[in-house]
>>> print(open('data.cif').read())   # mmCIF, C-alpha atoms and all ligand atoms
data_protein
#
loop_
_atom_site.label_atom_id
_atom_site.label_comp_id
_atom_site.auth_asym_id
_atom_site.auth_seq_id
_atom_site.Cartn_x
_atom_site.Cartn_y
_atom_site.Cartn_z
CA MET N 1 -0.99 -37.51 15.37
CA THR N 2 -0.74 -34.19 13.55
CA ARG N 3 -1.04 -31.30 15.97
CA LYS N 4 -3.06 -28.28 14.92
CA ALA N 5 -2.31 -24.63 15.58
CA VAL N 6 -4.12 -21.45 14.77
CA ALA N 7 -2.02 -18.42 13.81
CA LEU N 8 -3.06 -14.81 14.30
CA ILE N 9 -2.46 -13.43 10.83
CA SER N 10 -2.12 -9.67 10.60
CA GLY N 11 -0.80 -9.61 7.07
CA GLY N 12 2.68 -8.46 8.10
CA LEU N 13 5.97 -10.28 7.92
CA ASP N 14 6.15 -11.44 11.53
CA SER N 15 3.01 -13.58 11.52
CA LEU N 16 4.02 -14.96 8.13
CA LEU N 17 7.42 -16.06 9.49
CA ALA N 18 6.02 -17.43 12.74
CA THR N 19 3.54 -19.56 10.80
CA LYS N 20 6.10 -20.80 8.32
CA VAL N 21 8.47 -21.84 11.10
CA ILE N 22 5.74 -23.89 12.76
CA GLN N 23 4.49 -25.39 9.48
CA GLN N 24 8.03 -26.59 8.85
CA GLN N 25 7.77 -28.64 12.01
CA GLY N 26 4.88 -30.61 10.55
CA ILE N 27 2.10 -28.79 12.39
CA HIS N 28 -1.21 -28.18 10.57
CA VAL N 29 -1.78 -24.42 10.74
CA GLU N 30 -4.85 -22.34 9.91
CA GLY N 31 -5.03 -18.58 10.24
CA ILE N 32 -7.42 -16.18 11.88
CA ASN N 33 -7.63 -12.51 11.17
CA PHE N 34 -9.76 -10.14 13.21
CA PHE N 35 -11.77 -7.36 11.64
CA THR N 36 -12.06 -4.53 14.16
CA GLY N 37 -13.33 -1.80 11.83
CA PHE N 38 -10.08 0.12 12.31
CA CYS N 39 -8.02 -2.08 9.99
CA VAL N 40 -5.98 -0.18 7.46
CA GLU N 41 -6.55 -2.93 4.90
CA GLY N 42 -8.40 -1.97 1.82
CA HIS N 43 -10.73 0.78 2.93
CA THR N 44 -9.12 4.03 1.94
CA HIS N 45 -7.77 2.39 -1.18
CA ALA N 46 -11.23 1.15 -2.04
CA ILE N 47 -12.71 4.60 -1.56
CA ARG N 48 -10.13 6.77 -3.26
CA LYS N 49 -10.44 6.52 -7.00
CA GLN N 50 -6.86 7.23 -7.93
CA GLU N 51 -5.48 4.42 -5.84
CA LYS N 52 -5.43 0.95 -7.32
CA PRO N 53 -7.34 -1.60 -5.25
CA LYS N 54 -4.76 -3.08 -2.94
CA ARG N 55 -4.54 -6.71 -2.06
CA ASN N 56 -5.68 -7.75 1.38
CA ASN N 57 -2.41 -8.65 3.04
CA ALA N 58 -3.87 -11.22 5.43
CA LEU N 59 -5.46 -13.13 2.54
CA TRP N 60 -2.27 -12.79 0.56
CA VAL N 61 -0.13 -14.12 3.42
CA ALA N 62 -2.50 -17.08 3.84
CA GLU N 63 -2.21 -17.76 0.13
CA GLN N 64 1.59 -17.74 0.32
CA LEU N 65 1.51 -20.11 3.25
CA GLY N 66 -1.14 -22.34 1.71
CA ILE N 67 -3.32 -22.12 4.82
CA LYS N 68 -7.01 -21.48 5.37
CA LEU N 69 -7.87 -18.06 6.73
CA HIS N 70 -10.88 -17.36 8.91
CA ILE N 71 -11.74 -13.68 9.08
CA ILE N 72 -13.69 -12.87 12.20
CA ASP N 73 -15.88 -9.79 12.61
CA ILE N 74 -15.28 -8.46 16.13
CA VAL N 75 -16.50 -4.92 15.50
CA ASP N 76 -19.10 -4.91 18.28
CA GLU N 77 -17.13 -6.67 20.99
CA TYR N 78 -14.07 -4.59 20.18
CA LYS N 79 -15.82 -1.33 21.07
CA ASN N 80 -15.32 -1.97 24.75
CA ILE N 81 -11.58 -2.42 24.17
CA VAL N 82 -11.31 0.92 22.39
CA ILE N 83 -13.58 2.78 24.77
CA ASN N 84 -12.32 1.40 28.11
CA PRO N 85 -8.88 -0.14 27.77
CA LYS N 86 -7.85 -1.50 31.16
CA HIS N 87 -4.18 -0.97 30.33
CA GLY N 88 -4.65 2.40 28.65
CA TYR N 89 -3.66 3.73 25.26
CA GLY N 90 -0.35 3.89 23.44
CA ALA N 91 0.93 7.04 21.75
CA ASN N 92 -2.46 7.58 20.08
CA LEU N 93 -5.83 5.93 20.71
CA ASN N 94 -4.31 2.48 20.23
CA PRO N 95 -5.16 0.15 23.12
CA CYS N 96 -2.52 -2.34 21.96
CA LEU N 97 -2.11 -4.37 25.13
CA ASP N 98 -5.85 -4.84 25.69
CA CYS N 99 -6.26 -5.51 21.98
CA LYS N 100 -3.65 -8.29 22.01
CA ILE N 101 -5.15 -9.84 25.14
CA PHE N 102 -8.61 -9.75 23.56
CA MET N 103 -7.48 -11.26 20.26
CA VAL N 104 -5.56 -14.06 21.95
CA HIS N 105 -8.59 -14.67 24.18
CA LYS N 106 -10.79 -14.99 21.07
CA ALA N 107 -8.22 -17.33 19.53
CA LYS N 108 -8.31 -19.45 22.67
CA GLN N 109 -12.08 -19.78 22.33
CA TRP N 110 -11.62 -20.61 18.66
CA ILE N 111 -9.18 -23.47 19.29
CA GLN N 112 -11.52 -24.89 21.90
CA ASP N 113 -14.45 -24.75 19.50
CA HIS N 114 -12.51 -26.22 16.58
CA GLY N 115 -10.39 -28.87 18.28
CA PHE N 116 -7.03 -27.18 17.73
CA ASP N 117 -4.08 -27.60 20.09
CA PHE N 118 -2.39 -24.23 20.42
CA ILE N 119 -2.09 -20.62 19.24
CA ILE N 120 0.82 -18.90 17.53
CA THR N 121 1.54 -15.22 17.04
CA GLY N 122 4.34 -13.32 15.35
CA GLU N 123 5.12 -11.26 18.46
CA VAL N 124 8.72 -10.35 19.15
CA SER N 125 9.65 -9.19 22.64
CA GLY N 126 10.53 -5.54 22.97
CA GLN N 127 9.47 -4.72 19.44
CA ARG N 128 6.56 -2.42 20.10
CA PRO N 129 6.45 0.04 22.95
CA MET N 130 3.32 -1.32 24.54
CA SER N 131 1.96 -4.75 23.77
CA GLN N 132 5.27 -6.43 23.09
CA ARG N 133 7.32 -5.12 25.99
CA LYS N 134 9.03 -8.15 27.46
CA LYS N 135 7.14 -8.00 30.74
CA ASN N 136 3.86 -7.73 28.86
CA LEU N 137 4.20 -10.95 26.90
CA PRO N 138 3.45 -13.20 29.89
CA MET N 139 0.61 -10.83 30.80
CA VAL N 140 -1.01 -11.38 27.39
CA ALA N 141 -0.75 -15.15 27.87
CA ASP N 142 -2.24 -14.96 31.39
CA GLU N 143 -4.99 -12.41 30.96
CA SER N 144 -6.21 -13.91 27.69
CA GLY N 145 -6.60 -17.28 29.35
CA ALA N 146 -4.39 -18.89 26.69
CA GLU N 147 -1.55 -19.38 29.19
CA ASP N 148 0.96 -21.95 27.99
CA LEU N 149 -0.99 -22.69 24.82
CA LEU N 150 0.31 -19.43 23.36
CA LEU N 151 3.54 -19.93 21.45
CA ARG N 152 5.57 -17.09 19.89
CA PRO N 153 7.95 -18.88 17.55
CA LEU N 154 10.04 -15.77 16.87
CA CYS N 155 10.95 -15.12 20.51
CA ALA N 156 10.03 -18.42 22.21
CA LYS N 157 13.62 -19.15 23.21
CA SER N 158 13.73 -16.09 25.42
CA LEU N 159 10.48 -17.03 27.18
CA ALA N 160 9.52 -19.94 29.45
CA PRO N 161 8.76 -23.13 27.48
CA THR N 162 5.12 -23.47 26.52
CA LYS N 163 3.08 -26.67 26.44
CA PRO N 164 3.71 -27.33 22.71
CA GLU N 165 7.46 -27.18 23.46
CA ARG N 166 7.32 -29.21 26.67
CA GLU N 167 5.19 -31.90 25.11
CA GLY N 168 7.50 -32.12 22.11
CA TRP N 169 4.81 -31.05 19.60
CA VAL N 170 7.36 -28.52 18.40
CA ASP N 171 11.12 -28.53 18.75
CA ARG N 172 12.15 -25.53 20.85
CA ALA N 173 15.68 -25.73 19.44
CA GLN N 174 14.31 -24.71 16.05
CA LEU N 175 12.54 -21.62 17.36
CA TYR N 176 14.04 -18.14 17.73
CA ASP N 177 14.96 -15.52 20.31
CA PHE N 178 14.43 -12.31 18.38
CA SER N 179 14.05 -9.19 20.47
CA GLY N 180 14.11 -5.43 20.11
CA ARG N 181 13.09 -3.11 17.36
CA SER N 182 15.62 -4.06 14.71
CA ARG N 183 13.98 -5.79 11.78
CA LYS N 184 17.23 -7.39 10.64
CA PRO N 185 16.67 -10.87 12.12
CA GLN N 186 13.23 -11.08 10.51
CA ILE N 187 14.53 -9.94 7.13
CA ALA N 188 17.37 -12.48 7.38
CA LEU N 189 14.92 -15.27 8.27
CA ALA N 190 12.65 -14.22 5.39
CA ASN N 191 15.61 -14.51 3.02
CA GLU N 192 16.53 -17.88 4.46
CA LEU N 193 12.96 -19.12 3.94
CA GLY N 194 12.86 -17.71 0.42
CA ILE N 195 10.20 -15.11 1.20
CA GLU N 196 10.81 -12.02 -0.90
CA ASP N 197 7.55 -10.17 -1.19
CA PHE N 198 5.92 -9.08 2.04
CA ALA N 199 3.97 -6.13 3.39
CA GLN N 200 6.15 -3.42 4.81
CA PRO N 201 6.71 -4.11 8.45
CA ALA N 202 5.49 -0.80 9.83
CA GLY N 203 3.36 -0.86 12.97
CA GLY N 204 0.38 -0.08 10.80
CA CYS N 205 -2.11 -2.78 11.61
CA CYS N 206 -4.74 -0.21 12.40
CA PHE N 207 -5.87 3.39 12.21
CA LEU N 208 -5.80 3.72 15.99
CA THR N 209 -2.02 4.15 15.81
CA ASP N 210 -2.48 7.06 13.41
CA ALA N 211 -2.21 10.49 15.04
CA SER N 212 -4.60 12.31 12.73
CA TYR N 213 -7.19 9.53 12.88
CA SER N 214 -7.00 9.59 16.68
CA ILE N 215 -7.56 13.37 16.73
CA LYS N 216 -10.75 12.87 14.71
CA LEU N 217 -11.96 10.03 16.92
CA ARG N 218 -11.31 12.05 20.08
CA ASP N 219 -13.11 15.02 18.53
CA LEU N 220 -16.10 12.81 17.79
CA TRP N 221 -16.20 11.55 21.37
CA ASP N 222 -15.69 14.98 22.93
CA ASN N 223 -18.40 16.63 20.88
CA ARG N 224 -20.94 13.86 21.23
CA GLY N 225 -20.39 13.72 24.95
CA ASP N 226 -19.90 9.96 24.98
CA ARG N 227 -17.55 7.44 23.50
CA HIS N 228 -20.09 5.25 21.81
CA TYR N 229 -19.47 4.68 18.09
CA GLU N 230 -20.96 2.78 15.17
CA LEU N 231 -19.10 1.15 12.30
CA ASP N 232 -20.25 3.96 9.99
CA ASP N 233 -18.74 6.56 12.32
CA ILE N 234 -15.31 5.00 12.29
CA MET N 235 -15.45 4.37 8.54
CA LEU N 236 -16.29 8.02 7.91
CA LEU N 237 -13.28 9.13 9.96
CA LYS N 238 -11.13 7.53 7.25
CA VAL N 239 -12.69 9.62 4.48
CA GLY N 240 -12.61 13.26 3.43
CA ARG N 241 -11.68 16.54 5.04
CA HIS N 242 -13.25 17.03 8.48
CA ILE N 243 -14.15 20.59 9.47
CA ARG N 244 -15.90 21.45 12.72
CA PRO N 245 -17.11 25.08 12.77
CA ASP N 246 -19.24 24.47 15.85
CA PRO N 247 -19.24 21.89 18.64
CA SER N 248 -22.68 20.72 17.48
CA PHE N 249 -21.79 19.80 13.90
CA LYS N 250 -18.99 18.78 11.60
CA LEU N 251 -18.64 18.69 7.83
CA ILE N 252 -17.09 15.74 6.04
CA ILE N 253 -16.04 17.03 2.63
CA ALA N 254 -15.03 14.67 -0.16
CA ARG N 255 -11.55 15.27 -1.57
CA GLU N 256 -11.96 13.46 -4.84
CA GLU N 257 -14.42 11.55 -7.00
CA GLY N 258 -14.12 8.21 -5.23
CA GLU N 259 -14.85 9.88 -1.88
CA THR N 260 -17.77 11.78 -3.42
CA GLN N 261 -19.26 8.49 -4.57
CA PHE N 262 -18.64 6.87 -1.20
CA LEU N 263 -20.12 9.76 0.81
CA SER N 264 -23.13 9.94 -1.54
CA GLY N 265 -24.10 6.51 -0.21
CA TYR N 266 -24.80 8.17 3.17
CA LYS N 267 -27.25 10.82 1.90
CA ASN N 268 -30.21 9.11 3.46
CA GLN N 269 -28.52 9.00 6.88
CA PHE N 270 -26.93 12.48 7.02
CA GLN N 271 -27.75 16.02 5.92
CA SER N 272 -25.72 16.71 2.79
CA ILE N 273 -24.61 19.59 0.58
CA LYS N 274 -23.68 19.41 -3.10
CA THR N 275 -22.32 22.18 -5.30
CA ILE N 276 -24.63 22.72 -8.29
CA SER N 277 -23.31 25.68 -10.30
CA HIS N 278 -19.69 24.49 -10.33
CA GLY N 279 -17.81 21.25 -10.10
CA GLY N 280 -17.36 20.42 -6.46
CA PRO N 281 -17.47 17.91 -3.67
CA ILE N 282 -20.29 16.55 -1.61
CA SER N 283 -20.30 17.32 2.13
CA LEU N 284 -22.02 15.32 4.80
CA ILE N 285 -23.05 17.00 8.02
CA ASP N 286 -22.53 15.03 11.18
CA GLY N 287 -24.80 16.55 13.80
CA PRO N 288 -28.41 17.47 14.51
CA GLN N 289 -30.64 19.42 12.12
CA LEU N 290 -28.84 22.70 11.24
CA ASP N 291 -30.52 26.09 11.63
CA PRO N 292 -30.66 28.41 8.56
CA GLN N 293 -27.50 30.30 9.59
CA GLN N 294 -25.57 27.08 10.07
CA ILE N 295 -26.78 25.79 6.69
CA GLU N 296 -25.45 28.92 5.04
CA LEU N 297 -22.11 28.57 6.79
CA ALA N 298 -21.85 24.90 5.85
CA CYS N 299 -22.60 25.80 2.22
CA ALA N 300 -20.00 28.57 2.20
CA ILE N 301 -17.40 26.15 3.57
CA THR N 302 -18.32 23.49 1.00
CA ALA N 303 -18.13 26.10 -1.79
CA ARG N 304 -14.58 26.90 -0.68
CA PHE N 305 -13.57 23.42 -1.89
CA SER N 306 -15.45 23.69 -5.20
CA LYS N 307 -14.40 25.14 -8.54
CA GLY N 308 -16.52 28.17 -7.65
CA ARG N 309 -14.25 29.24 -4.79
CA ASP N 310 -13.45 32.55 -6.55
CA ALA N 311 -16.89 33.13 -8.10
CA GLU N 312 -19.25 35.88 -6.96
CA GLN N 313 -21.86 33.25 -6.11
CA VAL N 314 -22.04 29.50 -5.91
CA GLU N 315 -25.28 27.56 -6.03
CA LEU N 316 -25.51 24.58 -3.71
CA ARG N 317 -28.21 22.14 -2.77
CA TYR N 318 -28.72 21.27 0.87
CA CYS N 319 -30.69 18.07 1.54
CA ARG N 320 -32.08 16.42 4.64
CA PRO N 321 -31.88 12.64 5.06
CA ASN N 322 -35.62 12.43 4.24
CA GLY N 323 -34.92 13.80 0.75
CA GLU N 324 -36.26 17.35 1.30
CA CYS N 325 -33.87 19.75 -0.41
CA GLN N 326 -33.37 23.49 -0.80
CA SER N 327 -31.12 25.55 -3.06
CA LEU N 328 -28.84 28.26 -1.69
CA HIS N 329 -26.62 30.87 -3.30
CA VAL N 330 -23.56 31.81 -1.27
CA LYS N 331 -20.11 33.26 -1.67
CA ALA N 332 -17.39 30.77 -0.81
CA LEU N 333 -15.41 31.42 2.35
CA SER N 334 -11.78 32.29 1.70
CA ALA N 335 -9.02 30.17 3.18
CA ASP N 336 -8.46 32.89 5.81
CA ASP N 337 -12.12 32.77 6.84
CA ILE N 338 -11.75 29.17 7.96
CA PRO N 339 -9.93 29.23 11.31
CA LYS N 340 -7.20 26.62 11.57
CA GLN N 341 -8.75 25.03 14.63
CA TRP N 342 -11.87 24.12 12.64
CA THR N 343 -9.90 21.70 10.51
CA LEU N 344 -9.28 18.34 12.11
CA VAL N 345 -6.15 16.70 10.83
CA MET K 1 -29.51 -24.25 -3.89
CA LEU K 2 -28.60 -20.62 -4.57
CA HIS K 3 -28.18 -18.23 -1.62
CA LYS K 4 -27.98 -14.48 -2.12
CA VAL K 5 -25.86 -12.02 -0.14
CA ASP K 6 -26.13 -8.26 -0.53
CA ALA K 7 -22.74 -6.70 0.26
CA ARG K 8 -23.30 -3.42 -1.56
CA ARG K 9 -21.56 -0.41 0.03
CA LEU K 10 -19.55 -2.69 2.29
CA LEU K 11 -15.80 -2.24 2.04
CA CYS K 12 -13.31 -5.08 2.04
CA PRO K 13 -12.88 -7.24 3.95
CA LEU K 14 -16.56 -7.09 4.98
CA PRO K 15 -17.90 -8.62 1.73
CA VAL K 16 -15.44 -11.49 2.22
CA ILE K 17 -16.64 -11.94 5.80
CA ARG K 18 -20.29 -11.94 4.70
CA LEU K 19 -19.48 -14.53 2.02
CA GLN K 20 -17.50 -16.67 4.45
CA ASP K 21 -20.24 -16.56 7.08
CA LYS K 22 -22.81 -17.65 4.49
CA VAL K 23 -20.59 -20.43 3.10
CA ASN K 24 -20.09 -21.73 6.65
CA VAL K 25 -23.80 -22.41 7.13
CA ILE K 26 -24.86 -23.81 3.74
CA ALA K 27 -24.60 -27.33 2.35
CA LEU K 28 -21.74 -28.62 0.22
CA GLY K 29 -22.55 -28.03 -3.45
CA ASP K 30 -24.75 -24.98 -2.74
CA GLN K 31 -23.98 -21.68 -4.39
CA VAL K 32 -23.75 -18.12 -3.06
CA GLU K 33 -24.36 -15.11 -5.27
CA ILE K 34 -22.83 -12.02 -3.69
CA LEU K 35 -23.56 -8.51 -4.87
CA CYS K 36 -20.76 -6.01 -4.18
CA THR K 37 -19.68 -2.46 -4.95
CA ASP K 38 -16.10 -2.40 -3.60
CA PRO K 39 -13.79 -3.31 -6.51
CA GLY K 40 -11.39 -4.82 -3.95
CA VAL K 41 -13.60 -7.94 -4.01
CA LYS K 42 -12.22 -8.77 -7.45
CA ASN K 43 -8.96 -9.67 -5.72
CA ASP K 44 -10.14 -10.64 -2.28
CA ILE K 45 -13.00 -13.05 -3.03
CA PRO K 46 -10.95 -15.18 -5.48
CA ALA K 47 -8.07 -15.21 -2.95
CA TRP K 48 -10.42 -16.28 -0.16
CA CYS K 49 -11.97 -19.00 -2.36
CA LYS K 50 -8.57 -20.30 -3.37
CA ILE K 51 -7.22 -20.70 0.15
CA ASN K 52 -10.45 -22.09 1.54
CA GLY K 53 -11.11 -24.59 -1.24
CA GLN K 54 -14.20 -22.93 -2.75
CA ARG K 55 -14.84 -22.24 -6.44
CA ILE K 56 -15.68 -19.04 -8.28
CA ASP K 57 -18.31 -19.88 -10.92
CA SER K 58 -18.68 -16.42 -12.39
CA MET K 59 -17.83 -12.77 -11.89
CA ILE K 60 -19.92 -10.17 -13.69
CA GLU K 61 -19.46 -6.39 -13.58
CA GLN K 62 -22.54 -4.28 -14.25
CA ALA K 63 -22.43 -0.50 -13.90
CA ASN K 64 -20.84 -0.06 -10.48
CA GLU K 65 -21.75 -3.49 -9.18
CA ILE K 66 -19.88 -6.76 -9.15
CA ILE K 67 -21.81 -10.02 -8.91
CA ILE K 68 -19.77 -13.07 -7.94
CA THR K 69 -21.11 -16.61 -7.77
CA VAL K 70 -19.28 -19.09 -5.59
CA SER K 71 -19.82 -22.85 -5.14
CA LYS K 72 -19.16 -24.43 -1.78
CA LEU K 73 -16.82 -27.36 -2.38
CA SER K 74 -15.26 -27.70 1.05
CA ASP K 75 -16.23 -27.43 4.70
CA ALA K 76 -14.49 -24.77 6.78
S1 LIG E 401 -2.03 -1.45 16.37
FE1 LIG E 401 -4.26 -1.70 16.51
S2 LIG E 401 -4.65 -3.85 15.90
FE2 LIG E 401 -2.46 -3.67 16.36
S3 LIG E 401 -2.31 -4.28 18.53
FE3 LIG E 401 -2.50 -2.03 18.48
S4 LIG E 401 -4.68 -1.63 18.72
FE4 LIG E 401 -4.47 -3.80 18.12
#
>>> encode(input="data.cif", output="C-alpha cells")
Amino acid sequence: MTRKAVALISGGLDSLLATKVIQQQGIHVEGINFFTGFCVEGHTHAIRKQEKPKRNNALWVAEQLGIKLHIIDIVDEYKNIVINPKHGYGANLNPCLDCKIFMVHKAKQWIQDHGFDFIITGEVSGQRPMSQRKKNLPMVADESGAEDLLLRPLCAKSLAPTKPEREGWVDRAQLYDFSGRSRKPQIALANELGIEDFAQPAGGCCFLTDASYSIKLRDLWDNRGDRHYELDDIMLLKVGRHIRPDPSFKLIIAREEGETQFLSGYKNQFQSIKTISHGGPISLIDGPQLDPQQIELACAITARFSKGRDAEQVELRYCRPNGECQSLHVKALSADDIPKQWTLV
Amino acid sequence: MLHKVDARRLLCPLPVIRLQDKVNVIALGDQVEILCTDPGVKNDIPAWCKINGQRIDSMIEQANEIIITVSKLSDA
C-alpha cells in the first residue's frame, strides 16, 4: 500500500529537499502552502512596475517535484496568531513558534480530511532562533496535535523516531541529522539530488520578519488603539512611503507608477490626494475625515514628492471616498519641514 | 458549464486560490473563466494548472486585464 504524506511547502530549499527525500522512498506526496497575507511572494513585485513579475516559489517547487500543491487561505484564522502569540514574537513581529504550531495543526486536519498518513516539513533543528530551536521541535509536534505523525526528514535522525519511521513506512537510515545555521549540508544534498535552481534560503517566508514592515504594523496598531487588521491594511503596509504627521492620520504615498496604479484602486475606500499641475504620486489617507488644516498639510507633503517640489505653487486634488473632490493650491514642504519621526521606515 | 471568477485587484497568490477553490467545487469538464489584473497570474495560473492536472484553454490580455479560461480535467 502506498503511504501518503503532505508536505508544508514554503518555496524554499528545505521543504523541497525534505519532500524529495521522502518521495524517493516511494511515498506519494502532495504539498500545502498557507497564505497568511504576510507572504513575501509576488505582492511587491506585482505592484512595482519596474520589477519583473516573479515566479511563485511554492508553485515552482511543486512543479519541480511533480506534486500537487494546495494553497490554503488562512488570512482570517491567522490574525489571532499575529495579534496574540502565546509564545511571543521573534526579533520583529514574527510569531514563528505559534505560526509553525498553527500550520502543522492545519496540516493535521488536512491529512485527516483527505486520508493521508503523515506530515513532513523541511525544519532543521537549531536553524532559526525561535521556531526551530531544538527544544521547540517536540513542542510544535505536541501543541499542533500532530505528535508522531510529524516527520522532519532533514533532522529526523536527531529526534525520537516518529510513527512513519517506527512502522517502516519510511527508512530512518535514509533520513538526515542536519542541525545549526550552516546551509552547507542542504546545499550538498541539493547537489547530490541534482537540484541547482532554488530560492535563496534566507529566512524570508514573510514580511513579519522584516524590521521596517514591523515598525509600520506596530504604528498602525498603536495609533488605532487596537490590533485588529484587515487584509487591505496589511497589503497597504507593503506599498509606498508611509508618513504620519499626526496620530490620527497617515499618508501612504506611491513611489512609482505601479504603486500609483495599485493605490488608485483604493480611492473609493480612502481619502486620496493627486497632484494635478505637475507629475506626481497619489497619496491615500489612512484615518478619519481630515479637517481643512490637515488637508492642506497632507497636500503639502504629497507635493513634496511631486515634480512641483520646487515650484511656487502646486495644484492638487483632494477626494473623499464618496467621490466629492476639491482643488487646492499649496507650496510643497521642504525636506527639512518633514520631521524624521513622521516617516515610518 | 462555464463558471466566472472575478479576481481583479487581487494579488498573487489570491487569484490562484480563488481559481483553485472554484475548481474544487465544480464538475469535471466544467470551465472557469477568471478575470485578473495582477500580471503574476500569467506565470502562476499555468503553473498551478500544470501541477494539478487542469488545462488552460485560453489567455487573453485586454487593457490592464487578463482573462484566463481553465477546464477542469482532474479532481483535487
Ligand atoms: S517567518 Fe513568518 S511564516 Fe515563517 S514561521 Fe515565522 S511567522 Fe511563520
>>> closest_residue(input="data.cif", among="K:Cys49, K:Asp38, K:Glu61, K:Asp75", to="chain N", atoms="only C-alpha atoms")
K:Asp38
>>> residues_around(input="data.cif", residues="Arg55 in chain K", least_positions_apart="4", cutoff="9 Å", atoms="all atoms listed in the file", output="VMD selection string")
chain K and resid 46 49 to 50 69 to 73
>>> closest_residue(input="data.cif", among="N:Phe198, N:Tyr318, N:Tyr89, N:Phe38", to="chain K", atoms="all atoms listed in the file")
N:Phe38
>>> closest_residue(input="data.cif", among="N:Gly258, N:Gly145, N:Gly26, N:Pro138", to="chain K", atoms="all atoms listed in the file")
N:Gly258
>>> closest_residue(input="data.cif", among="N:Pro153, N:Gly88, N:Pro161, N:Gly265", to="chain K", atoms="all atoms listed in the file")
N:Gly265
>>> residues_near_ligand(input="data.cif", ligand="ligand LIG 401 (chain E)", cutoff="6 Å", atoms="all atoms listed in the file", output="number ranges by chain")
N: 94-96, 99-100, 205-206, 208-209
>>> write_last_selection(input="data.cif", atoms="C-alpha atoms", output="PDB file, in the coordinates of the input")
ATOM      1  CA  ASN N  94      -4.310   2.480  20.230  1.00  0.00           C
ATOM      2  CA  PRO N  95      -5.160   0.150  23.120  1.00  0.00           C
ATOM      3  CA  CYS N  96      -2.520  -2.340  21.960  1.00  0.00           C
ATOM      4  CA  CYS N  99      -6.260  -5.510  21.980  1.00  0.00           C
ATOM      5  CA  LYS N 100      -3.650  -8.290  22.010  1.00  0.00           C
ATOM      6  CA  CYS N 205      -2.110  -2.780  11.610  1.00  0.00           C
ATOM      7  CA  CYS N 206      -4.740  -0.210  12.400  1.00  0.00           C
ATOM      8  CA  LEU N 208      -5.800   3.720  15.990  1.00  0.00           C
ATOM      9  CA  THR N 209      -2.020   4.150  15.810  1.00  0.00           C
TER      10      THR N 209
END
>>> residues_near_point(input="data.cif", point="(-28.5, -25.5, 1.6)", cutoff="12 Å", atoms="all atoms listed in the file", output="MDAnalysis selection string")
chainID K and resid 1:4 22:32 71:72
>>> closest_residue(input="data.cif", among="K:Gln62, K:Leu10, K:Ser74, K:Val5", to="Gly40 in chain K", atoms="all atoms listed in the file")
K:Leu10
>>> interface_residues(input="data.cif", of="chain K", to="chain N", cutoff="12 Å", atoms="all atoms listed in the file", output="ChimeraX atom specification")
/K:8-21,23-24,37-54,64,74-76
>>> atom_distance(input="data.cif", atom1="CA of Ile285 in chain N", atom2="CA of Leu217 in chain N")
15.8 Å
>>> atom_distance(input="data.cif", atom1="CA of Ile32 in chain N", atom2="CA of Leu8 in chain N")
5.2 Å
>>> residues_around(input="data.cif", residues="Ile338 in chain N", least_positions_apart="5", cutoff="12 Å", atoms="only C-alpha atoms", output="count of residues only")
15
>>> atom_distance(input="data.cif", atom1="CA of Leu16 in chain N", atom2="CA of Cys155 in chain N")
14.2 Å
